[in-house]
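J.: Have a look at the structure that comes next, please.
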Amino acid sequence: METLFIQIKTLLVNAAALVLPPWGVTLSSMIISALAILGLGPLIMMYLTLMERKVLARMQNRIGPNRAGPWGLLQPLADGIKMLTKEDIRPSAADPLLYFLAPILIAVPALMVFAVIPFGKGMTAADLNVGVLYFVALSSTTTLVIFMASWGSRNKYSVLGGMRSVSQMISYEVTLVISVVPILMAAGSLSTQTIVESQSGRWYAATPWGLLSCMIFFICGLAECNRSPFDLPEAESEIVAGYHTEYSGMRFALFYMAEFMNVFSICALTVTLFLGGWQGPLLPSWLWFLIKTYLLIFIVFWFRGTLPRLRADHLMGLAWKFLLPLAVMNIPAAAMSHFLSEPFSTAVPLAILMVSVAVLSFFNKGYAAEKRVYHFTD
Amino acid sequence: MKNKTDTPLTEDFDTQTLQINVGPQHPATHGVFRMDLTLDGETVVRLKPVMGYLHRNHEQIAENMTYAASMPYTDRLDYFNSMSNNFGYALAVEKLAGIEVPERADYIRVILAELTRIVNHISVIGFLLNDLGAFFTPLTYAFREREKILDLFEEIAGSRMMCNYFRFGGVKRDLPPGLLERIRTMMDVFPRFLDEFEALLTDNDILCLRCQNVGVLGRELALNAGLSGPMLRASGLGYDIRKVDRYSIYGRFDFKVPVGSKGDVYDRYYVRVLEMRESLKILDQALRQIPSSGDIISRKAAPFLKAPRNFKPPVGEAYGRVESPKGELGFYVVSDGSPQPWRYHVRAPSLINLTVLEDLCIGHKLADAMVILGSIDIVLGEVDH
Amino acid sequence: MLELIAVKGIYILMVFAAAAAFASSLLPNLFHGALALAAVLLAVAGLYLSLGAEFLAMVQILVYVGAVMTLVIYAVMLTGRLEETVTPSGRIQRAAAGVSCAIFFVLVCGVLLSTNWPAAPGGNPLPSVKDLGIDLMKRHVFPFEVLGILLFAVLIGALAAARREKS
């Protein structure tokens, strides 16, 4: 079981070797990996939509989709057919090129990110030695595409959504990158595979600085892929659907797909960087990876089902006034734990972080909830 | 934490304002309400409410029909609270014609009015949370409880929302057997639900952040704009018609009127929660005091049930008002001695409460405008009567 | 075969980069121009990648495409003249721009031709990310720190400017 997928691939490559010259074998090996990734993206997206609807429904005392197939398992297919057969509408004022390109371009980085995710032991499509940086770099290009979509569709709601999205992504990207630094310091590598292997002793999330890093990374990741409670760019109660207001049918589906694939890759990367990746006892590595990832995805849906939305200024305040300084303070804390010996290597970072949290909370006490007293009259 | 921007951030830039149209078809507006917004960035600098999309000529229609025939039309004013609307209209006409209401009918009326208040407040809070972006979860929780009460209404009146149950001088028919016990069981469970609901919402940091000091309505403005209901009470004025007029039999119950301090969205939310708890108190007392049998319609008015055209109140005028869940709901009826009212006017709390919308929203963000609108609690059927 | 593809790929990227560069300066619509500039930067990142400089490529995408381009587009949006298809520029302005570009091109060509490019030694020709980091923190620590202080000063300056506007 452990090497199931690797064996399948070896089998296919060997079969190819019978008919193809050596360079063709290398090429076919690459193509098989690429196809696996390309197929995986839409598949993950389709079933994440079903999972989200089911999870949300259960949280809201509902049953969720249950008409198409057992437990609604064919629902994503039905949705896909519906999306494909819908009329393709282009607003007459829209910029044709940008409007047409944006949905395609938004799906590309979302798919490309999958290349560096270690789905299991030796199951990274491309084990780049700059893996983490690759992820960050690719996800940063999404801002441009959102701008294209929002500006290209010439809709005021879209422009508002695009503006919100971009300012949000810029702010949270800084924090996201800085929150990964302690892990890179500890692992001494940017390669995702190496980072997972360096956690064979204990997960990074089991250390104080690692846990903080993990939380900041996850929060920023949520903001990066516009998920609740940071879903301002698509706030349906304010700006209809934000930057993809004017999109329908298959083009809308591509935006939707990119969003879900981003959720998956953020969760997968959190698992990889902080939660030991595919490491785990008994079960095959890829199964461990999927279990952990889907648990995190469940948490994402849980947030969606429970939390109200932040407002733009609160969102910025959270990123710049709280998370960013905390992520910066986390770097010396992680360094301390590297240079000190056992009792201190936990205690000192813990102390640094607690002091930082306390100081930051003091400076941010304007954001704290007021306690109110209500009186009654007769 | 500043909510109002003191100066425009870009004085030396030549920036443009953005005019956007929220509604009548927009996921956030409550019904077919339109807000003509001018934004500077995301800050609201001008807001023009546009209403009338649901105008149905309610008052004119009522003037061309018998008194009794208007009763089902009042259901459609604020379609969340048909019982309270019936109550107000019945009070006005009873005052006009000098009809006394039997005791049991009075109790039934109060019980139903308070149940309606709970239905309304719980749904308003659910919708408010939806405006805040909590994806339908609080709303579905609220609607689960609302359904239970609507089931009771269905048993009583035959309809869940358009109850048309009140008659001049009483109510349409007696309660079905065992209903009071069912209300009692529902009431025993409801505080537990309310506690759970509050545990999830009241101290939630995001909710507090979004609601506190947002859309502050000063006491002066609230008074001058003629507001009423929870909106007014959240601004610190303990004005409740149930206490002021002690209409029907409200004088017999021991309950209090919760009052807010700041007048922001959070106060409006929490005042409603507290009002639900007070309503439960009233229900509890009413269920204990209600006579087990008796007339449900006054002897004087009973004959007109079958022959509504014979109902001709003496020449005169009357104004009947109730504390509907949204505020002061008043009906002004003038009779010229004919079977039809000569003049019929509704004082709709939704409409009057809505007038302060622009004052509350200016200087806030677009996102806040939606929340403020949600906290005002309007139903377009009543705004555009 | 694969090497062949890689070599051909470089040429394709070069042509693409040049075409996008022309587009970015010639397109009448400012927004389109900005996006073409993003395409240039992406193509350059691709060139780095094909030369084996993965780290540089990623930083190029992250910093230029992700951050700088977004700021450029923000600035473009602030100009508020997006719909206007003709950018107002005089004849003299164009001539000056053309001349300065030509001079710059000649200068760059001169430098490129006069530099004695050292051939990459055998074995591992490219420094790993680790080597880059160690180099940055040991050999070039002084310029690195100076840069850091400079950026910090800029940050404080920007904060001060923003503060003053508010009060």
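For the structure tokens, the naming scheme is as follows: chains receive sequential letters (A, B, ...) according to their order of presentation, residues are indexed from 1 within each chain, and ligands are indexed from 1 in presentation order.
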If the cut-off is 7 Å, can you tell me the residues of chain C near chain A, counting only C-alpha atoms? I'd like them as a PyMOL selection string.
T.: chain C and resi 1+54-55+58+61-62+65-66+70
J.: May I have all residues of range 3-151 of chain C that DSSP, computed from the backbone, assigns to helix (DSSP H, G or I), given as a count of residues only?
T.: 116
J.: Would you give me, as a PyMOL selection string, the residues of chain A that come within 10 Å of chain B, using only C-alpha atoms?
T.: chain A and resi 56-62+155-157+160+163-164+228-232+235-241+303-314+317+364-378
J.: From a backbone DSSP assignment, name each residue in range 7-125 of chain B labelled strand (DSSP E), as a list in words.
T.: Leu18, Gln19, Ile20, Asn21, Val22, Arg34, Met35, Asp36, Leu37, Thr38, Leu39, Asp40, Thr43, Val44, Val45, Arg46, Leu47, Lys48, Pro49 and Val50 of chain B
J.: If we count only C-alpha atoms and set the cut-off at 12 Å, which residues sit around Ala53 in chain C, ignoring sequence neighbours fewer than 3 positions away in its own chain? Please answer as a PyMOL selection string.
T.: (chain A and resi 128-130) or (chain C and resi 44-50+56-60+125-129+132)
J.: I need the chosen residues saved as a short mmCIF file (atom, residue, chain, number, x, y, z; two decimals), in the first residue's frame, with C-alpha atoms.
T.:
data_model
loop_
_atom_site.label_atom_id
_atom_site.label_comp_id
_atom_site.auth_asym_id
_atom_site.auth_seq_id
_atom_site.Cartn_x
_atom_site.Cartn_y
_atom_site.Cartn_z
CA LEU A 128 12.32 21.68 -6.25
CA ASN A 129 14.94 22.84 -3.81
CA VAL A 130 13.07 26.13 -3.58
CA VAL C 44 12.46 36.91 -17.34
CA ALA C 45 11.73 34.64 -14.39
CA GLY C 46 11.34 31.83 -16.89
CA LEU C 47 14.74 32.69 -18.34
CA TYR C 48 16.31 32.50 -14.90
CA LEU C 49 14.64 29.16 -14.38
CA SER C 50 15.91 27.77 -17.63
CA LEU C 56 16.39 34.01 -8.39
CA ALA C 57 13.41 33.07 -10.54
CA MET C 58 11.15 32.59 -7.55
CA VAL C 59 12.27 35.83 -5.95
CA GLN C 60 11.69 37.58 -9.27
CA PRO C 125 28.05 25.44 -11.21
CA LEU C 126 25.18 26.96 -9.28
CA PRO C 127 25.27 27.92 -5.64
CA SER C 128 22.49 26.36 -3.59
CA VAL C 129 20.08 28.44 -1.57
CA LEU C 132 23.47 32.09 -1.06
#
